[in-house]
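**Q** I am sharing coords-v1.cif, which consists of mmCIF, C-alpha atoms and all ligand atoms:
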data_start
#
loop_
_atom_site.label_atom_id
_atom_site.label_comp_id
_atom_site.auth_asym_id
_atom_site.auth_seq_id
_atom_site.Cartn_x
_atom_site.Cartn_y
_atom_site.Cartn_z
CA MET A 1 14.05 -24.67 -37.39
CA ILE A 2 10.80 -26.13 -38.75
CA SER A 3 9.36 -25.82 -42.21
CA THR A 4 6.31 -27.75 -43.37
CA ARG A 5 4.47 -27.52 -46.66
CA GLU A 6 0.97 -28.86 -47.16
CA LEU A 7 1.48 -31.53 -44.53
CA THR A 8 -1.42 -33.98 -44.28
CA LYS A 9 -2.27 -37.07 -42.29
CA ASP A 10 -5.16 -39.41 -43.00
CA PHE A 11 -6.02 -42.31 -40.72
CA VAL A 12 -7.87 -45.05 -42.52
CA VAL A 13 -10.16 -46.35 -39.82
CA SER A 14 -12.19 -48.76 -41.95
CA ARG A 15 -13.06 -49.40 -45.57
CA THR A 16 -15.65 -46.66 -45.47
CA GLU A 17 -14.12 -44.25 -43.02
CA THR A 18 -11.00 -42.11 -43.22
CA VAL A 19 -10.13 -39.50 -40.62
CA HIS A 20 -8.51 -36.47 -42.24
CA ALA A 21 -6.65 -35.49 -39.07
CA VAL A 22 -4.31 -32.93 -40.67
CA ARG A 23 -5.37 -31.26 -43.91
CA GLY A 24 -2.45 -29.34 -45.38
CA ILE A 25 -0.46 -27.50 -42.72
CA SER A 26 2.27 -25.12 -43.92
CA LEU A 27 4.25 -23.68 -41.05
CA ASP A 28 7.65 -22.05 -40.51
CA VAL A 29 9.24 -21.78 -37.07
CA ALA A 30 12.45 -19.75 -36.72
CA PRO A 31 15.25 -20.67 -34.28
CA GLY A 32 14.53 -19.43 -30.75
CA GLU A 33 10.78 -19.01 -31.20
CA LEU A 34 8.26 -20.19 -28.59
CA VAL A 35 5.15 -21.20 -30.51
CA ALA A 36 1.88 -22.42 -29.01
CA VAL A 37 -0.41 -24.55 -31.15
CA LEU A 38 -3.95 -24.01 -29.95
CA GLY A 39 -7.15 -25.72 -31.00
CA PRO A 40 -10.13 -27.76 -29.77
CA ASN A 41 -10.08 -31.51 -29.09
CA GLY A 42 -9.44 -33.46 -32.25
CA ALA A 43 -8.18 -30.43 -34.21
CA GLY A 44 -5.02 -32.28 -35.25
CA LYS A 45 -2.46 -30.79 -32.86
CA THR A 46 -1.04 -34.04 -31.52
CA THR A 47 -1.03 -35.64 -34.97
CA THR A 48 0.97 -32.69 -36.31
CA LEU A 49 3.46 -32.95 -33.46
CA ARG A 50 3.77 -36.70 -33.99
CA MET A 51 4.65 -36.14 -37.64
CA LEU A 52 7.20 -33.44 -36.79
CA THR A 53 8.81 -35.71 -34.21
CA THR A 54 8.92 -38.61 -36.72
CA LEU A 55 6.63 -40.85 -34.65
CA ILE A 56 4.24 -41.21 -37.58
CA ALA A 57 4.78 -40.63 -41.30
CA PRO A 58 2.86 -37.90 -43.11
CA THR A 59 0.32 -38.99 -45.74
CA SER A 60 1.51 -36.18 -48.03
CA GLY A 61 3.42 -32.91 -47.94
CA THR A 62 6.90 -32.16 -46.64
CA ALA A 63 8.43 -31.30 -43.27
CA THR A 64 11.97 -30.28 -42.44
CA VAL A 65 12.78 -30.29 -38.73
CA ALA A 66 16.12 -29.12 -37.28
CA GLY A 67 17.61 -29.25 -40.76
CA TYR A 68 16.47 -32.72 -41.83
CA ASP A 69 13.54 -34.20 -43.65
CA VAL A 70 11.22 -36.15 -41.32
CA ARG A 71 10.58 -38.76 -43.98
CA SER A 72 14.08 -39.42 -45.33
CA ASP A 73 16.16 -38.64 -42.23
CA PRO A 74 14.07 -39.47 -39.15
CA ALA A 75 17.02 -40.62 -37.02
CA ARG A 76 18.89 -37.34 -37.51
CA VAL A 77 15.73 -35.37 -36.68
CA ARG A 78 15.22 -37.40 -33.48
CA ARG A 79 18.77 -36.76 -32.27
CA ARG A 80 18.22 -33.01 -32.50
CA ILE A 81 14.80 -32.72 -30.90
CA GLY A 82 13.21 -33.41 -27.54
CA TYR A 83 9.61 -34.61 -27.28
CA VAL A 84 7.43 -34.62 -24.22
CA GLY A 85 4.22 -36.43 -25.10
CA GLN A 86 0.88 -36.46 -23.32
CA GLY A 87 1.46 -39.74 -21.52
CA ASN A 88 4.25 -40.28 -19.02
CA GLY A 89 7.39 -41.54 -20.70
CA ALA A 90 9.20 -42.68 -17.58
CA GLY A 91 9.06 -46.28 -16.26
CA HIS A 92 7.20 -46.72 -12.98
CA SER A 93 9.61 -48.79 -10.96
CA GLN A 94 12.77 -46.94 -12.02
CA ARG A 95 14.40 -44.33 -9.83
CA VAL A 96 14.25 -40.74 -11.07
CA GLY A 97 18.03 -40.32 -11.45
CA ASP A 98 18.46 -43.70 -13.17
CA GLU A 99 15.65 -42.92 -15.54
CA LEU A 100 17.46 -39.78 -16.72
CA LEU A 101 20.80 -41.59 -17.02
CA GLY A 102 19.11 -44.35 -19.02
CA GLN A 103 17.57 -41.78 -21.33
CA GLY A 104 21.04 -40.30 -21.90
CA ALA A 105 22.31 -43.77 -22.86
CA ILE A 106 19.45 -44.15 -25.34
CA TYR A 107 20.68 -40.98 -27.00
CA GLY A 108 24.20 -42.39 -27.18
CA MET A 109 25.70 -40.06 -24.58
CA ASP A 110 28.76 -41.37 -22.75
CA ARG A 111 28.27 -42.03 -19.04
CA ARG A 112 30.13 -38.93 -17.86
CA ALA A 113 28.19 -36.58 -20.11
CA ALA A 114 24.90 -38.27 -19.14
CA LYS A 115 25.76 -37.91 -15.43
CA ARG A 116 26.64 -34.24 -15.81
CA ARG A 117 23.45 -33.54 -17.71
CA THR A 118 21.33 -35.54 -15.25
CA ALA A 119 22.73 -33.53 -12.34
CA GLU A 120 22.02 -30.29 -14.15
CA LEU A 121 18.43 -31.27 -14.98
CA LEU A 122 17.72 -32.57 -11.48
CA GLU A 123 18.89 -29.21 -10.15
CA ASN A 124 17.09 -27.05 -12.73
CA LEU A 125 13.78 -28.87 -12.59
CA GLU A 126 13.78 -29.10 -8.79
CA LEU A 127 14.07 -32.87 -8.80
CA LYS A 128 17.35 -33.16 -6.89
CA GLU A 129 15.75 -34.24 -3.63
CA LEU A 130 13.74 -36.84 -5.55
CA ALA A 131 16.62 -38.48 -7.46
CA GLN A 132 16.40 -41.72 -5.45
CA ARG A 133 12.60 -41.90 -5.48
CA LYS A 134 10.73 -44.35 -7.67
CA VAL A 135 8.89 -42.72 -10.55
CA SER A 136 5.60 -44.25 -9.35
CA GLU A 137 5.95 -42.35 -6.07
CA LEU A 138 6.04 -38.91 -7.64
CA SER A 139 3.15 -36.44 -7.57
CA GLY A 140 1.55 -35.27 -10.82
CA GLY A 141 3.58 -32.06 -10.93
CA GLN A 142 6.88 -33.81 -10.08
CA ARG A 143 6.14 -36.44 -12.71
CA ARG A 144 5.53 -33.83 -15.37
CA ARG A 145 8.81 -32.11 -14.49
CA LEU A 146 10.54 -35.47 -14.89
CA ASP A 147 8.88 -35.86 -18.31
CA VAL A 148 10.29 -32.49 -19.34
CA ALA A 149 13.73 -33.44 -17.99
CA MET A 150 13.58 -36.67 -20.03
CA GLY A 151 12.93 -34.64 -23.17
CA LEU A 152 15.94 -32.44 -22.42
CA VAL A 153 18.62 -35.00 -21.53
CA HIS A 154 20.42 -34.78 -24.86
CA ALA A 155 20.27 -30.95 -24.83
CA PRO A 156 18.11 -30.61 -27.93
CA GLY A 157 17.90 -27.28 -29.74
CA LEU A 158 14.21 -27.89 -30.38
CA LEU A 159 11.69 -29.09 -27.82
CA PHE A 160 8.14 -30.29 -28.54
CA LEU A 161 5.74 -30.32 -25.62
CA ASP A 162 2.31 -31.88 -26.05
CA GLU A 163 0.03 -30.32 -23.46
CA PRO A 164 2.77 -30.01 -20.86
CA SER A 165 0.58 -28.73 -18.06
CA THR A 166 -2.70 -30.61 -18.56
CA GLY A 167 -3.92 -32.09 -15.30
CA LEU A 168 -1.73 -29.89 -13.11
CA ASP A 169 -3.15 -27.46 -10.59
CA PRO A 170 -2.49 -23.74 -11.20
CA GLN A 171 0.47 -23.66 -8.82
CA ASN A 172 2.17 -26.64 -10.45
CA ARG A 173 1.43 -25.23 -13.88
CA ALA A 174 3.09 -21.94 -13.00
CA ASN A 175 6.00 -23.81 -11.47
CA LEU A 176 6.50 -26.01 -14.54
CA TRP A 177 6.44 -22.97 -16.77
CA GLN A 178 9.02 -21.22 -14.67
CA HIS A 179 11.32 -24.20 -15.19
CA ILE A 180 10.66 -24.48 -18.92
CA LEU A 181 11.31 -20.78 -19.50
CA ARG A 182 14.51 -20.85 -17.46
CA MET A 183 15.82 -23.87 -19.37
CA ARG A 184 14.94 -22.14 -22.59
CA GLU A 185 16.89 -19.05 -21.63
CA GLN A 186 19.93 -21.08 -20.58
CA HIS A 187 20.03 -23.24 -23.69
CA ALA A 188 18.56 -20.95 -26.38
CA MET A 189 15.94 -23.55 -27.24
CA THR A 190 13.15 -23.35 -29.77
CA ILE A 191 9.89 -24.60 -28.25
CA VAL A 192 6.70 -25.76 -29.93
CA LEU A 193 3.88 -26.74 -27.60
CA THR A 194 0.23 -27.63 -27.78
CA THR A 195 -2.12 -26.48 -25.09
CA HIS A 196 -5.78 -26.30 -24.16
CA TYR A 197 -5.12 -23.43 -21.79
CA LEU A 198 -5.87 -20.18 -23.54
CA ASP A 199 -4.26 -18.07 -20.84
CA GLU A 200 -1.10 -20.16 -21.09
CA ALA A 201 -0.83 -19.63 -24.85
CA ASP A 202 -1.60 -15.97 -24.36
CA SER A 203 0.98 -15.22 -21.70
CA MET A 204 3.81 -17.65 -22.54
CA ALA A 205 3.96 -17.93 -26.31
CA GLU A 206 5.41 -15.31 -28.59
CA ARG A 207 3.36 -16.74 -31.40
CA VAL A 208 0.03 -18.57 -31.46
CA VAL A 209 -0.95 -20.94 -34.24
CA VAL A 210 -4.68 -21.71 -34.13
CA VAL A 211 -5.62 -25.08 -35.64
CA ASP A 212 -9.16 -26.23 -36.40
CA HIS A 213 -10.29 -29.29 -38.40
CA GLY A 214 -6.68 -30.08 -39.32
CA GLU A 215 -5.92 -26.65 -40.76
CA VAL A 216 -4.14 -23.52 -39.55
CA ILE A 217 -6.80 -20.83 -39.31
CA ALA A 218 -4.69 -18.11 -37.67
CA ASP A 219 -1.00 -17.57 -36.98
CA ASP A 220 0.41 -14.47 -35.26
CA THR A 221 1.23 -12.98 -31.88
CA ALA A 222 -1.62 -13.19 -29.37
CA GLU A 223 -1.82 -9.38 -29.31
CA VAL A 224 -2.16 -9.05 -33.09
CA LEU A 225 -4.72 -11.88 -33.25
CA LYS A 226 -6.80 -10.26 -30.54
CA THR A 227 -6.70 -6.79 -32.07
CA ARG A 228 -7.25 -7.93 -35.64
CA LEU A 229 -9.72 -10.75 -35.12
CA ALA A 230 -11.60 -9.94 -31.94
CA GLY A 231 -11.48 -6.30 -30.84
CA ASP A 232 -12.21 -4.74 -27.45
CA ARG A 233 -15.54 -4.87 -25.65
CA ILE A 234 -16.96 -1.70 -24.10
CA VAL A 235 -19.46 -2.27 -21.28
CA LEU A 236 -21.59 0.62 -20.00
CA THR A 237 -23.94 0.64 -17.02
CA VAL A 238 -27.00 2.52 -18.25
CA ALA A 239 -30.74 2.47 -17.39
CA ALA A 240 -32.57 -0.10 -19.53
CA SER A 241 -34.77 2.64 -21.06
CA ASN A 242 -31.64 4.18 -22.64
CA HIS A 243 -30.15 1.00 -24.13
CA SER A 244 -31.50 1.56 -27.63
CA ARG A 245 -30.15 5.13 -27.70
CA ILE A 246 -26.71 3.92 -26.58
CA GLN A 247 -26.83 1.28 -29.32
CA GLU A 248 -27.50 3.98 -31.92
CA LEU A 249 -24.53 5.99 -30.65
CA ALA A 250 -22.29 2.91 -30.41
CA GLU A 251 -23.04 1.86 -33.97
CA ARG A 252 -21.15 4.95 -35.18
CA LEU A 253 -17.90 3.77 -33.57
CA PRO A 254 -15.21 2.24 -35.83
CA GLY A 255 -15.67 -1.53 -36.13
CA ALA A 256 -18.78 -1.56 -33.87
CA ARG A 257 -20.50 -4.96 -33.74
CA GLU A 258 -21.96 -7.58 -31.36
CA PHE A 259 -24.21 -5.22 -29.45
CA THR A 260 -25.78 -6.88 -26.39
CA SER A 261 -28.00 -5.58 -23.64
CA THR A 262 -28.75 -7.30 -20.32
CA GLY A 263 -30.13 -5.84 -17.08
CA ASP A 264 -28.61 -2.40 -16.67
CA GLN A 265 -25.59 -3.13 -18.88
CA VAL A 266 -25.00 -2.65 -22.59
CA SER A 267 -21.94 -3.87 -24.39
CA VAL A 268 -20.47 -3.41 -27.85
CA ARG A 269 -17.33 -4.72 -29.51
CA VAL A 270 -15.13 -2.14 -31.23
CA THR A 271 -11.72 -2.07 -32.91
CA ASP A 272 -10.04 0.22 -30.37
CA GLY A 273 -11.72 0.24 -26.95
CA PRO A 274 -9.60 2.88 -25.15
CA GLY A 275 -9.94 5.22 -28.16
CA ALA A 276 -13.69 4.64 -28.66
CA LEU A 277 -14.80 4.91 -25.03
CA PRO A 278 -14.35 8.71 -24.63
CA ILE A 279 -16.14 9.25 -27.95
CA LEU A 280 -19.09 7.14 -26.80
CA LEU A 281 -19.22 8.78 -23.37
CA GLY A 282 -19.04 12.24 -24.96
CA ALA A 283 -21.92 11.38 -27.32
CA ALA A 284 -23.99 9.98 -24.43
CA GLN A 285 -23.42 13.15 -22.39
CA GLN A 286 -24.40 15.35 -25.31
CA ASP A 287 -27.64 13.36 -25.62
CA GLY A 288 -28.30 13.66 -21.90
CA VAL A 289 -28.00 9.87 -21.32
CA PRO A 290 -26.52 9.22 -17.85
CA VAL A 291 -23.79 6.52 -17.74
CA ALA A 292 -23.19 5.12 -14.24
CA ALA A 293 -20.02 3.12 -15.06
CA ALA A 294 -17.82 2.22 -18.04
CA GLN A 295 -15.31 -0.56 -18.68
CA VAL A 296 -13.11 -1.68 -21.55
CA HIS A 297 -12.37 -5.44 -21.74
CA ARG A 298 -9.47 -6.69 -23.83
CA PRO A 299 -10.43 -9.79 -25.82
CA THR A 300 -9.21 -13.29 -25.04
CA LEU A 301 -7.91 -15.91 -27.47
CA ASP A 302 -11.30 -17.58 -27.07
CA ASP A 303 -12.88 -14.44 -28.58
CA VAL A 304 -10.42 -14.82 -31.47
CA PHE A 305 -11.47 -18.44 -32.01
CA LEU A 306 -15.14 -17.53 -31.69
CA ASN A 307 -14.72 -14.84 -34.32
CA LEU A 308 -12.92 -17.18 -36.69
CA THR A 309 -15.20 -20.21 -36.33
CA GLY A 310 -18.42 -19.09 -34.65
CA ARG A 311 -17.68 -21.60 -31.88
CA SER A 312 -16.10 -21.20 -28.47
CA LEU A 313 -12.80 -22.97 -28.01
CA ARG A 314 -13.98 -24.15 -24.61
CA GLU A 315 -16.93 -26.00 -26.11
CA ALA A 316 -15.73 -26.81 -29.62
CA ASP A 317 -15.04 -30.49 -30.15
CA THR A 318 -14.26 -31.69 -33.62
CA ASP A 319 -13.34 -35.10 -34.87
CA GLY A 320 -12.18 -34.44 -38.43
CA LYS A 321 -14.12 -37.43 -39.73
CA ALA A 322 -15.17 -37.67 -43.35
CA ALA A 323 -16.24 -40.38 -45.71
CA ALA A 324 -13.36 -41.99 -47.56
N1 LIG A 401 -4.31 -43.45 -34.72
C1 LIG A 401 -5.45 -42.87 -35.09
N2 LIG A 401 -6.39 -43.51 -35.76
C2 LIG A 401 -7.54 -42.92 -36.15
N3 LIG A 401 -7.84 -41.64 -35.90
C3 LIG A 401 -6.94 -40.93 -35.21
C4 LIG A 401 -5.70 -41.49 -34.76
N4 LIG A 401 -5.01 -40.52 -34.10
C5 LIG A 401 -5.78 -39.43 -34.14
N5 LIG A 401 -6.93 -39.66 -34.80
C6 LIG A 401 -8.02 -38.70 -35.07
O1 LIG A 401 -7.45 -37.59 -35.72
C7 LIG A 401 -8.08 -36.38 -35.30
C8 LIG A 401 -7.03 -35.45 -34.73
O2 LIG A 401 -6.55 -35.98 -33.50
P1 LIG A 401 -5.39 -35.29 -32.64
O3 LIG A 401 -5.08 -36.20 -31.50
O4 LIG A 401 -4.30 -34.89 -33.53
O5 LIG A 401 -6.15 -34.00 -32.13
P2 LIG A 401 -5.69 -32.96 -31.03
O6 LIG A 401 -5.93 -31.61 -31.62
O7 LIG A 401 -4.33 -33.24 -30.54
O8 LIG A 401 -6.77 -33.24 -29.90
P3 LIG A 401 -6.61 -33.18 -28.28
O9 LIG A 401 -6.57 -31.74 -27.96
O10 LIG A 401 -7.86 -33.84 -27.81
O11 LIG A 401 -5.37 -33.92 -27.91
C9 LIG A 401 -9.15 -36.80 -34.30
O12 LIG A 401 -10.37 -36.92 -34.99
C10 LIG A 401 -8.66 -38.16 -33.81
O13 LIG A 401 -9.74 -38.96 -33.40
#
What does the file become when written as structure tokens?
**A**
Amino acid sequence: MISTRELTKDFVVSRTETVHAVRGISLDVAPGELVAVLGPNGAGKTTTLRMLTTLIAPTSGTATVAGYDVRSDPARVRRRIGYVGQGNGAGHSQRVGDELLGQGAIYGMDRRAAKRRTAELLENLELKELAQRKVSELSGGQRRRLDVAMGLVHAPGLLFLDEPSTGLDPQNRANLWQHILRMREQHAMTIVLTTHYLDEADSMAERVVVVDHGEVIADDTAEVLKTRLAGDRIVLTVAASNHSRIQELAERLPGAREFTSTGDQVSVRVTDGPGALPILLGAAQQDGVPVAAAQVHRPTLDDVFLNLTGRSLREADTDGKAAA
């Protein structure tokens, strides 16, 4: 569905400054996949999406989207994709239903087909009751659902969503996701989205592409990324006087690293937490070291990013700037 090779985008800001926003992204997305592109502010996610949706031209490299080259066949690409950007696409004074019909007309749909599709989207995205409302009167969550509906009017096989749930409260986020996933099931859509929400990428996407400084630094399922690049954390509650002994025992575990000790807790990261815990507890018992409590924590995608870059995704903020 998508195939890019060494895609780059430079923004020439001034005579002395060029922003290397995307630095050679090669990516393949198969039909039906749901891929989340994750990365800190300024990593190049939006720029990549804007190239794939033909809104801006790549500086170099190639990209085929829905069967057509973004550079030589942008109109054909656009007809086959839906794009929901970060800003609101809908006009403020228009009514919700009219806005969707108008969008259908833009895509060259005849009035009957546009009406049918509008009715279906209003129903599916829980906008039916709001069809006569002005766009400016909608709440944030309703507005975002309208944005998604706008991207789906022409029934694209491939949908790009740029931070679909940013700014929504947890309930509206969950609600929007429910709608997106249902639409995807009904229409066998391929979805590529960018998000800041690690939990969202973790639970919704079948594949996570981590981007940093304009490059792909990891690409796999969330589970594989977490197991391969982060590992589990074992936390034991042990008297402070025994921390160094526990550390010695923990260091023998496969993949043991990142030993920390605070208060009455010691923690160590290992490759396989559930497998390593009984070994560690057995060793502690043999040494006569009492353990009051034990936990195994699965890693998060933030742990994956931290392991790859040494920075936390929550704090990382890059700007990709470099001298021309
Ligand atoms: N039109 C532009 N002119 C100059 N620089 C730009 C332009 N658009 C983006 N950039 C820069 O390119 C880099 C990548 O930006 P981009 O918006 O793609 O990042 P992002 O990963 O989507 O970030 P965010 O998560 O904040 O949306 C940033 O340094 C940004 O400032």
**Q** Might you pull out every residue within 6 Å of Ile81 (chain A), with all atoms listed in the file counted and same-chain residues fewer than 4 positions away left off, and present them as a list in words?
**A**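 Residues near the query, excluding close chain neighbours: Pro156, Leu158 and Leu159 of chain A.
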**Q** Skipping near chain neighbours, those fewer than 3 positions away, what residues fall within 10 Å of Gln295 (chain A) using all atoms listed in the file, listed as a list in words?
**A**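 So, after excluding close chain neighbours, the residues are Arg233, Ile234, Val235, Leu236, Thr237, Ser267, Gly273, Pro274, Leu277 and Arg298 of chain A.
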**Q** Would you give the centre and edge lengths, in Å to one decimal, of a box along x, y and z around the listed atoms of region 228-232 of chain A, with 4 Å added to each side, as JSON?
**A**
{"center_x": -9.7, "center_y": -7.7, "center_z": -31.5, "size_x": 13.0, "size_y": 14.0, "size_z": 16.2}
**Q** What do you get as a PyMOL selection string if you pick all residues at most 9 Å from ligand LIG 401 (chain A), counting all atoms listed in the file?
**A** chain A and resi 9-13+18-22+37-50+86+162-163+194-196+211-214+317-321
**Q** Just to be explicit: take each residue in the selection above, keep C-alpha atoms, and write the result as a PDB file, in the frame of the given file.
**A**
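Contents of result_31.pdb, as written:
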ATOM      1  CA  LYS A   9      -2.270 -37.070 -42.290  1.00  0.00           C
ATOM      2  CA  ASP A  10      -5.160 -39.410 -43.000  1.00  0.00           C
ATOM      3  CA  PHE A  11      -6.020 -42.310 -40.720  1.00  0.00           C
ATOM      4  CA  VAL A  12      -7.870 -45.050 -42.520  1.00  0.00           C
ATOM      5  CA  VAL A  13     -10.160 -46.350 -39.820  1.00  0.00           C
ATOM      6  CA  THR A  18     -11.000 -42.110 -43.220  1.00  0.00           C
ATOM      7  CA  VAL A  19     -10.130 -39.500 -40.620  1.00  0.00           C
ATOM      8  CA  HIS A  20      -8.510 -36.470 -42.240  1.00  0.00           C
ATOM      9  CA  ALA A  21      -6.650 -35.490 -39.070  1.00  0.00           C
ATOM     10  CA  VAL A  22      -4.310 -32.930 -40.670  1.00  0.00           C
ATOM     11  CA  VAL A  37      -0.410 -24.550 -31.150  1.00  0.00           C
ATOM     12  CA  LEU A  38      -3.950 -24.010 -29.950  1.00  0.00           C
ATOM     13  CA  GLY A  39      -7.150 -25.720 -31.000  1.00  0.00           C
ATOM     14  CA  PRO A  40     -10.130 -27.760 -29.770  1.00  0.00           C
ATOM     15  CA  ASN A  41     -10.080 -31.510 -29.090  1.00  0.00           C
ATOM     16  CA  GLY A  42      -9.440 -33.460 -32.250  1.00  0.00           C
ATOM     17  CA  ALA A  43      -8.180 -30.430 -34.210  1.00  0.00           C
ATOM     18  CA  GLY A  44      -5.020 -32.280 -35.250  1.00  0.00           C
ATOM     19  CA  LYS A  45      -2.460 -30.790 -32.860  1.00  0.00           C
ATOM     20  CA  THR A  46      -1.040 -34.040 -31.520  1.00  0.00           C
ATOM     21  CA  THR A  47      -1.030 -35.640 -34.970  1.00  0.00           C
ATOM     22  CA  THR A  48       0.970 -32.690 -36.310  1.00  0.00           C
ATOM     23  CA  LEU A  49       3.460 -32.950 -33.460  1.00  0.00           C
ATOM     24  CA  ARG A  50       3.770 -36.700 -33.990  1.00  0.00           C
ATOM     25  CA  GLN A  86       0.880 -36.460 -23.320  1.00  0.00           C
ATOM     26  CA  ASP A 162       2.310 -31.880 -26.050  1.00  0.00           C
ATOM     27  CA  GLU A 163       0.030 -30.320 -23.460  1.00  0.00           C
ATOM     28  CA  THR A 194       0.230 -27.630 -27.780  1.00  0.00           C
ATOM     29  CA  THR A 195      -2.120 -26.480 -25.090  1.00  0.00           C
ATOM     30  CA  HIS A 196      -5.780 -26.300 -24.160  1.00  0.00           C
ATOM     31  CA  VAL A 211      -5.620 -25.080 -35.640  1.00  0.00           C
ATOM     32  CA  ASP A 212      -9.160 -26.230 -36.400  1.00  0.00           C
ATOM     33  CA  HIS A 213     -10.290 -29.290 -38.400  1.00  0.00           C
ATOM     34  CA  GLY A 214      -6.680 -30.080 -39.320  1.00  0.00           C
ATOM     35  CA  ASP A 317     -15.040 -30.490 -30.150  1.00  0.00           C
ATOM     36  CA  THR A 318     -14.260 -31.690 -33.620  1.00  0.00           C
ATOM     37  CA  ASP A 319     -13.340 -35.100 -34.870  1.00  0.00           C
ATOM     38  CA  GLY A 320     -12.180 -34.440 -38.430  1.00  0.00           C
ATOM     39  CA  LYS A 321     -14.120 -37.430 -39.730  1.00  0.00           C
TER      40      LYS A 321
END
**Q** How would you write as a PyMOL selection string the residues that get within 7 Å of (-29.4, 0.1, -20.5) in the file's frame, counting only C-alpha atoms?
**A** chain A and resi 237-243+261+263-266
**Q** Hey, can you spit out that residue selection with C-alpha atoms as a PDB file, in the coordinates of the input?
**A**
ATOM      1  CA  THR A 237     -23.940   0.640 -17.020  1.00  0.00           C
ATOM      2  CA  VAL A 238     -27.000   2.520 -18.250  1.00  0.00           C
ATOM      3  CA  ALA A 239     -30.740   2.470 -17.390  1.00  0.00           C
ATOM      4  CA  ALA A 240     -32.570  -0.100 -19.530  1.00  0.00           C
ATOM      5  CA  SER A 241     -34.770   2.640 -21.060  1.00  0.00           C
ATOM      6  CA  ASN A 242     -31.640   4.180 -22.640  1.00  0.00           C
ATOM      7  CA  HIS A 243     -30.150   1.000 -24.130  1.00  0.00           C
ATOM      8  CA  SER A 261     -28.000  -5.580 -23.640  1.00  0.00           C
ATOM      9  CA  GLY A 263     -30.130  -5.840 -17.080  1.00  0.00           C
ATOM     10  CA  ASP A 264     -28.610  -2.400 -16.670  1.00  0.00           C
ATOM     11  CA  GLN A 265     -25.590  -3.130 -18.880  1.00  0.00           C
ATOM     12  CA  VAL A 266     -25.000  -2.650 -22.590  1.00  0.00           C
TER      13      VAL A 266
END
**Q** Name the closest residue to Gly275 (chain A) among the candidates A:Val148, A:Leu253, A:Ala292, A:Ala113; distances are taken between atoms, counting all atoms listed in the file.
**A** A:Leu253
**Q** Between CA of His187 (chain A) and CA of Met150 (chain A), what is the distance, to one decimal in Å?
**A**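 Interatomic distance, CA of His187 (chain A) to CA of Met150 (chain A): 15.3 Å.
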**Q** Quick one: residues within 8 Å of region 117-130 of chain A, all atoms listed in the file, excluding same-chain residues fewer than 5 positions away - as a list in words?
**A**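 Final neighbour list, sorted by chain and number: Val96, Gly97, Leu100, Leu101, Gln142, Arg145, Leu146, Ala149, Leu152, Val153, His154, His179 and Met183 of chain A.
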